[in-house]
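S.K.: Pasting work09.txt here (compact mmCIF, C-alpha atoms):
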```txt
# COMPACT_ATOMS: atom_id res chain seq x y z
CA MET A 14 63.55 54.75 57.77
CA ALA A 15 59.85 53.86 57.54
CA ASP A 16 58.00 53.31 54.28
CA TYR A 17 54.60 54.63 53.31
CA PRO A 18 52.22 52.00 51.89
CA ALA A 19 50.72 53.26 48.66
CA LEU A 20 48.79 52.31 45.54
CA GLU A 21 49.92 53.30 42.08
CA ILE A 22 46.70 53.70 40.07
CA THR A 23 46.87 53.99 36.29
CA PHE A 24 43.70 55.04 34.46
CA ARG A 25 42.35 53.60 31.26
CA ALA A 26 40.22 55.66 28.87
CA SER A 27 36.71 56.39 30.17
CA SER A 28 33.80 58.56 29.04
CA ASP A 29 32.30 58.59 32.54
CA PRO A 30 32.64 62.18 33.87
CA PHE A 31 32.13 61.11 37.49
CA PHE A 32 34.42 58.08 37.50
CA ARG A 33 37.26 59.76 39.40
CA ASP A 34 34.82 61.45 41.77
CA ARG A 35 33.40 58.06 42.69
CA LEU A 36 36.91 56.66 43.04
CA TYR A 37 37.75 59.43 45.52
CA ALA A 38 34.67 58.47 47.54
CA GLN A 39 35.50 54.76 47.35
CA LEU A 40 39.10 55.27 48.45
CA ASP A 41 37.93 57.40 51.36
CA ASP A 42 36.60 54.22 53.02
CA PHE A 43 40.23 53.08 53.45
CA SER A 44 41.64 56.19 55.16
CA PRO A 45 44.12 57.52 52.58
CA VAL A 46 46.43 60.26 53.84
CA ALA A 47 47.21 61.80 50.45
CA ILE A 48 46.50 61.45 46.75
CA HIS A 49 49.10 62.75 44.29
CA GLU A 50 48.18 63.11 40.61
CA ASP A 51 50.91 63.10 37.99
CA GLU A 52 51.24 65.94 35.50
CA ALA A 53 49.59 63.95 32.71
CA ALA A 54 46.60 63.26 34.99
CA ASP A 55 46.59 59.57 34.03
CA ARG A 56 48.09 58.19 37.24
CA TRP A 57 47.49 58.60 40.97
CA ARG A 58 49.75 57.64 43.83
CA VAL A 59 47.57 57.08 46.87
CA PHE A 60 49.19 56.90 50.33
CA PHE A 61 47.57 55.05 53.24
CA ARG A 62 47.87 54.91 57.00
CA SER A 63 48.69 51.20 56.95
CA ALA A 64 49.52 48.36 54.59
CA SER A 65 46.28 46.63 55.58
CA ASN A 66 44.25 49.66 54.46
CA ARG A 67 46.26 49.80 51.22
CA ASP A 68 45.71 46.11 50.53
CA ALA A 69 42.00 46.31 51.30
CA ALA A 70 41.66 49.25 48.91
CA ARG A 71 43.45 47.34 46.17
CA ALA A 72 41.14 44.35 46.67
CA ALA A 73 38.11 46.63 46.40
CA LEU A 74 39.40 48.01 43.09
CA ALA A 75 40.48 44.68 41.62
CA SER A 76 37.40 44.20 39.43
CA ASP A 77 37.37 47.76 38.03
CA ALA A 78 38.14 47.61 34.32
CA LEU A 79 38.84 51.37 34.12
CA LEU A 80 42.03 51.27 36.15
CA GLU A 81 45.03 49.21 37.16
CA ALA A 82 46.22 49.36 40.77
CA SER A 83 49.55 48.06 42.06
CA SER A 84 50.89 48.07 45.61
CA ILE A 85 54.12 49.91 46.37
CA ASP A 86 56.04 51.07 49.43
CA VAL A 87 57.49 54.58 49.21
CA PRO A 88 60.54 55.39 51.37
CA ASP A 89 59.79 58.07 53.95
CA GLU A 90 62.23 60.72 52.90
CA ASP A 91 59.93 63.38 54.33
CA TRP A 92 58.09 63.16 50.99
CA ALA A 93 54.99 64.94 52.25
CA ARG A 94 56.89 67.92 53.58
CA ARG A 95 59.24 68.10 50.60
CA SER A 96 56.31 68.03 48.20
CA GLN A 97 54.88 71.11 49.90
CA ASP A 98 58.07 73.10 50.58
CA SER A 99 57.96 74.88 47.23
CA LEU A 100 54.51 76.29 47.89
CA LYS A 101 54.27 80.06 47.86
CA ALA A 102 51.51 82.48 48.82
CA ILE A 103 48.67 82.83 46.33
CA ASP A 104 46.40 85.79 45.69
CA ALA A 105 42.70 84.92 45.44
CA GLY A 106 40.99 88.23 44.82
CA GLY A 107 41.09 90.17 48.06
CA LEU A 108 42.61 87.34 50.09
CA ILE A 109 46.11 85.88 50.33
CA ILE A 110 46.49 82.19 51.23
CA ALA A 111 50.02 81.63 52.48
CA PRO A 112 52.19 78.90 54.00
CA PRO A 113 53.95 79.97 57.21
CA TRP A 114 57.26 80.54 55.39
CA ASP A 115 55.88 82.95 52.78
CA VAL A 116 53.53 85.42 54.49
CA PRO A 117 53.31 88.70 52.56
CA THR A 118 51.94 92.00 53.81
CA GLY A 119 49.21 94.14 52.32
CA LYS A 120 46.00 92.23 51.74
CA PRO A 121 44.28 90.08 54.39
CA VAL A 122 46.25 86.86 54.85
CA ILE A 123 45.15 83.35 55.86
CA VAL A 124 48.07 81.16 56.94
CA ILE A 125 47.67 77.47 56.13
CA GLU A 126 50.21 74.87 57.25
CA PRO A 127 50.54 72.32 54.43
CA SER A 128 49.43 68.83 55.40
CA MET A 129 49.61 65.46 53.67
CA GLY A 130 45.92 65.22 52.85
CA PHE A 131 44.27 68.59 53.16
CA GLY A 132 43.97 71.74 51.09
CA THR A 133 46.53 74.53 51.06
CA GLY A 134 44.42 76.90 48.96
CA HIS A 135 46.48 76.20 45.85
CA HIS A 136 43.94 73.95 44.16
CA ALA A 137 41.76 75.61 41.54
CA THR A 138 38.53 74.60 43.29
CA THR A 139 39.62 76.41 46.45
CA ARG A 140 40.51 79.55 44.51
CA LEU A 141 37.16 79.44 42.70
CA CYS A 142 35.28 79.14 45.99
CA LEU A 143 37.27 81.99 47.50
CA LEU A 144 36.50 84.26 44.56
CA LEU A 145 32.78 83.44 44.65
CA LEU A 146 32.68 83.87 48.43
CA GLN A 147 34.05 87.40 48.10
CA ARG A 148 31.12 88.29 45.83
CA LEU A 149 28.64 87.78 48.69
CA GLU A 150 27.84 89.95 51.69
CA LEU A 151 29.26 88.09 54.68
CA ARG A 152 29.09 90.68 57.45
CA GLY A 153 27.19 89.04 60.30
CA ALA A 154 26.26 85.98 58.20
CA ARG A 155 26.11 82.39 59.42
CA VAL A 156 28.33 80.18 57.24
CA LEU A 157 28.69 76.38 57.08
CA ASP A 158 31.82 74.93 55.47
CA VAL A 159 30.95 71.31 54.69
CA GLY A 160 34.00 69.11 54.12
CA THR A 161 36.29 71.76 55.57
CA GLY A 162 39.61 69.90 55.14
CA SER A 163 42.30 72.41 56.13
CA GLY A 164 39.66 74.94 57.20
CA VAL A 165 40.72 77.45 54.54
CA LEU A 166 37.18 78.33 53.39
CA ALA A 167 35.88 78.61 56.95
CA LEU A 168 38.78 80.93 57.73
CA ALA A 169 38.04 82.98 54.62
CA ALA A 170 34.42 83.43 55.70
CA TRP A 171 35.57 84.54 59.15
CA LYS A 172 38.17 86.89 57.66
CA LEU A 173 35.48 88.44 55.44
CA GLY A 174 33.27 89.26 58.41
CA ALA A 175 30.93 86.30 58.93
CA GLY A 176 29.41 86.40 62.38
CA ASP A 177 29.01 82.65 62.90
CA VAL A 178 31.16 80.05 61.12
CA VAL A 179 30.93 76.26 61.45
CA ALA A 180 33.53 73.90 59.93
CA VAL A 181 32.26 70.36 59.34
CA ASP A 182 34.15 67.21 58.31
CA ASN A 183 33.86 63.49 58.94
CA ASP A 184 37.62 62.91 59.03
CA PRO A 185 39.20 63.44 62.47
CA ASP A 186 42.62 64.06 60.90
CA ALA A 187 41.16 66.77 58.68
CA LEU A 188 39.59 68.40 61.72
CA ASP A 189 42.90 68.26 63.60
CA ASN A 190 44.51 70.06 60.67
CA ALA A 191 41.64 72.56 60.50
CA ARG A 192 41.81 73.13 64.25
CA ASP A 193 45.54 73.91 64.06
CA ASN A 194 45.04 76.33 61.16
CA ILE A 195 42.11 78.04 62.83
CA ALA A 196 44.14 78.55 66.00
CA ARG A 197 47.16 79.73 63.98
CA ASN A 198 45.04 82.49 62.47
CA GLY A 199 43.53 83.55 65.79
CA ALA A 200 40.04 82.39 64.86
CA ALA A 201 39.53 79.62 67.44
CA PRO A 202 36.94 81.61 69.45
CA SER A 203 34.95 82.36 66.28
CA ILE A 204 34.78 79.07 64.33
CA ASP A 205 33.00 75.99 65.64
CA ILE A 206 34.31 72.59 64.54
CA ILE A 207 32.00 69.60 64.14
CA GLN A 208 32.80 66.00 63.21
CA ASP A 209 29.84 64.49 61.38
CA ASP A 210 28.75 62.84 58.14
CA LEU A 211 26.82 64.88 55.62
CA GLY A 212 24.05 62.29 55.48
CA GLY A 213 23.32 62.61 59.19
CA LEU A 214 24.19 66.25 59.82
CA ARG A 215 21.57 68.07 61.91
CA ILE A 216 22.47 71.69 62.42
CA GLN A 217 21.00 75.18 62.45
CA ARG A 218 20.51 76.43 58.91
CA ALA A 219 22.89 78.99 57.47
CA ASP A 220 22.95 82.04 55.22
CA ILE A 221 25.78 80.54 53.16
CA VAL A 222 26.73 76.89 52.63
CA LEU A 223 30.18 76.10 51.23
CA ALA A 224 30.69 72.63 49.73
CA ASN A 225 33.96 72.03 47.88
CA LEU A 226 33.53 68.27 47.58
CA THR A 227 33.25 66.15 44.42
CA GLY A 228 30.58 66.13 41.72
CA ALA A 229 29.40 62.67 42.75
CA VAL A 230 29.07 63.64 46.42
CA LEU A 231 27.25 66.88 45.57
CA VAL A 232 24.72 64.99 43.45
CA ARG A 233 24.25 62.22 46.01
CA TYR A 234 23.71 64.63 48.91
CA ALA A 235 22.00 67.49 47.10
CA ALA A 236 18.85 67.21 49.22
CA GLU A 237 20.82 67.15 52.47
CA LEU A 238 22.86 70.17 51.39
CA ARG A 239 19.75 72.09 50.38
CA SER A 240 18.29 71.52 53.83
CA LEU A 241 21.27 73.30 55.42
CA ALA A 242 20.45 76.73 53.94
CA MET A 243 17.70 79.05 55.08
CA ASP A 244 15.31 80.63 52.58
CA GLY A 245 17.24 83.15 50.53
CA GLY A 246 20.50 81.44 51.44
CA TYR A 247 23.44 80.89 49.12
CA PHE A 248 25.44 77.84 48.08
CA ILE A 249 28.98 77.85 46.76
CA LEU A 250 29.73 74.48 45.18
CA SER A 251 32.89 73.14 43.56
CA GLY A 252 34.87 69.97 42.95
CA PHE A 253 33.58 69.17 39.44
CA ALA A 254 34.57 69.75 35.82
CA PRO A 255 32.99 72.38 33.54
CA GLU A 256 31.27 69.67 31.49
CA ASP A 257 29.53 68.46 34.66
CA VAL A 258 27.92 71.81 35.50
CA ALA A 259 24.63 70.74 33.88
CA VAL A 260 24.50 67.62 36.09
CA ILE A 261 25.11 69.70 39.23
CA ARG A 262 22.51 72.26 38.16
CA THR A 263 19.97 69.44 37.69
CA ALA A 264 20.69 68.07 41.15
CA PHE A 265 20.11 71.56 42.58
CA ALA A 266 17.15 72.37 40.32
CA GLY A 267 15.08 75.34 41.41
CA LEU A 268 18.00 77.31 42.79
CA GLU A 269 18.85 80.61 41.13
CA LEU A 270 22.21 80.74 39.38
CA ILE A 271 24.15 83.72 40.70
CA GLU A 272 27.50 83.06 39.08
CA GLU A 273 29.53 80.33 37.38
CA ARG A 274 33.32 80.35 37.29
CA VAL A 275 35.78 78.07 35.52
CA GLU A 276 39.53 77.66 35.96
CA GLY A 277 41.19 75.08 33.76
CA GLU A 278 39.58 71.69 34.34
CA TRP A 279 37.48 72.83 37.32
CA ALA A 280 34.24 74.76 37.81
CA ALA A 281 32.30 76.34 40.67
CA LEU A 282 28.78 77.64 41.10
CA SER A 283 27.15 80.24 43.29
CA LEU A 284 23.45 79.46 43.72
CA ARG A 285 20.61 81.00 45.75
CA LEU A 286 17.69 79.25 47.43
CA SER A 287 14.70 81.49 46.79
```
Could you write out this structure as structure tokens?
M.R.:
Amino acid sequence: MADYPALEITFRASSDPFFRDRLYAQLDDFSPVAIHEDEAADRWRVFFRSASNRDAARAALASDALLEASSIDVPDEDWARRSQDSLKAIDAGGLIIAPPWDVPTGKPVIVIEPSMGFGTGHHATTRLCLLLLQRLELRGARVLDVGTGSGVLALAAWKLGAGDVVAVDNDPDALDNARDNIARNGAAPSIDIIQDDLGGLRIQRADIVLANLTGAVLVRYAAELRSLAMDGGYFILSGFAPEDVAVIRTAFAGLELIEERVEGEWAALSLRLS
């Protein structure tokens, strides 16, 4: 039975609101396949593709006084699948996001196969984005889903009537997962998939830009994101805490606030480029 190389990261107290966002971005350089947060939110278990990636990540974090990282090997007892098996369908306004084994009838359904590293629709940021998306007129709209992950937001835009949907990510594994989910829902002819980095993305501008990323990434790439929307276009942003809304608003200064939503420790914004 194979083992998964992993890091056990324990957090020390910090007043930096973007510390964990930056850690996500830093870890991304080492190709993690999943990050599990414990219930107390003071420890992460980060799984990697290889022991060399795990060890390089630990070396990169060695001087960080805000955390302690230790290397572990986790027995492969189908942990990824077992961790997802209890997932049930969720209702996000007018849309149902469901795993293949719990597909209800009634409202429009998007079926997402759980994967080790990509969204199932159960995270609060995804639900917030879905709710804000349903507040906009999508019929015939062009929509960009930046950092698509599982493809759930791109599929939601398509399901809600968008005429042209593009799913963008820089992770080939994420795009494989998105591609499978898009095909599973019968949307392959309608959603384009692009592998690219946000900093170098050159693409036709859209009516609606979806970016469920992290606060640090949204701030860093605010100008690039703004350039993706046409005049009068909308942004739906999430991946940050309610106390960080002011920082995100500053990074996107000049955009009209359409709506702000909060669920627990997460927030999302709908903004308009006038």
S.K.: List the residues sitting within 9 Å of (42.9, 61.2, 27.1) in the file's frame, using all atoms listed in the file, as a list in words.
M.R.: Arg25, Ala26, Ser27, Ala54 and Asp55 of chain A
S.K.: Please return, as a list in words, all polymer residues that have at least one atom within 12 Å of the point (40.1, 57.4, 53.9); use only C-alpha atoms and the file's own coordinate frame.
M.R.: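 The distance filter leaves exactly Leu36, Tyr37, Ala38, Gln39, Leu40, Asp41, Asp42, Phe43, Ser44, Pro45, Val46, Ala47, Ile48, Val59, Phe60, Phe61, Arg62, Ser63, Asn66, Arg67, Ala69, Ala70, Gly130, Phe131, Asn183, Asp184, Pro185, Asp186 and Ala187 of chain A.
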S.K.: May I ask which of the residues A:Ala180, A:Leu100, A:Leu20, A:Arg285 is the closest one to Gly267 (chain A), counting only C-alpha atoms?
M.R.: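 Among A:Ala180, A:Leu100, A:Leu20, A:Arg285, it is A:Arg285 that comes nearest to Gly267 (chain A).
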S.K.: Rank nothing, just name the residue among A:Leu268, A:Val87, A:Ala170, A:Ile261 nearest to Glu21 (chain A), using only C-alpha atoms.
M.R.: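 With only C-alpha atoms as the atom set, the closest residue is A:Val87.
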S.K.: Looking at A:Ile22, A:Ile216, A:Leu145, A:Ala102, which one is nearest to Tyr247 (chain A), with distances taken over only C-alpha atoms?
M.R.: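 Closest candidate: A:Leu145.
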S.K.: Using CA of Gln147 (chain A) and CA of Asp34 (chain A) as the two end points, give the distance in Å to one decimal.
M.R.: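 Computing it gives 26.7 Å between the two atoms.
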S.K.: Give me, as a tab-separated table, the closest atom pair and its distance (Å, one decimal) for every residue of region 137-182 of chain A within a cut-off of 9 Å of region 223-238 of chain A, counting only C-alpha atoms, rows sorted by chain and rising number.
M.R.:
```
residue	atom	partner	partner_atom	distance
A:Thr138	CA	A:Asn225	CA	7.0
A:Thr139	CA	A:Asn225	CA	7.3
A:Cys142	CA	A:Asn225	CA	7.5
A:Leu146	CA	A:Leu223	CA	8.6
A:Val156	CA	A:Leu223	CA	7.5
A:Leu157	CA	A:Leu223	CA	6.0
A:Asp158	CA	A:Leu223	CA	4.7
A:Val159	CA	A:Ala224	CA	5.1
A:Gly160	CA	A:Ala224	CA	6.5
A:Thr161	CA	A:Asn225	CA	8.0
A:Leu166	CA	A:Leu223	CA	7.7
A:Ala167	CA	A:Leu223	CA	8.5
```
S.K.: Calculate how many Å separate CA of Asp189 (chain A) from CA of Leu168 (chain A), rounding to one decimal.
M.R.: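 CA of Leu168 (chain A) lies 14.6 Å from CA of Asp189 (chain A).
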S.K.: Please determine an axis-aligned box that encloses all atoms of region 271-283 of chain A listed in the file, with 5 Å added on each side, and express its centre and edge lengths in Å to one decimal as lines of an AutoDock Vina configuration file.
M.R.:
```
center_x = 32.7
center_y = 77.7
center_z = 38.5
size_x = 27.0
size_y = 22.0
size_z = 19.5
```
S.K.: Which is closer to Arg239 (chain A) than all the others in A:Arg274, A:Val260, A:Ser287, A:Ser251, using only C-alpha atoms?
M.R.: A:Ser287
S.K.: Measure the distance from CA of Ala201 (chain A) to CA of Glu150 (chain A) in Å and round it to one decimal.
M.R.: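 Between these atoms lies a distance of 22.2 Å.
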S.K.: Please provide the set of residues having any atom within 8 Å of Ser283 (chain A), restricted to all atoms listed in the file, with same-chain residues fewer than 2 positions apart removed, written as a list in words.
M.R.: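 Counting all atoms listed in the file, the residues come to Leu145, Tyr247, Phe248, Ile249, Leu250, Leu270, Ile271, Glu272, Glu273, Ala281 and Arg285 of chain A.
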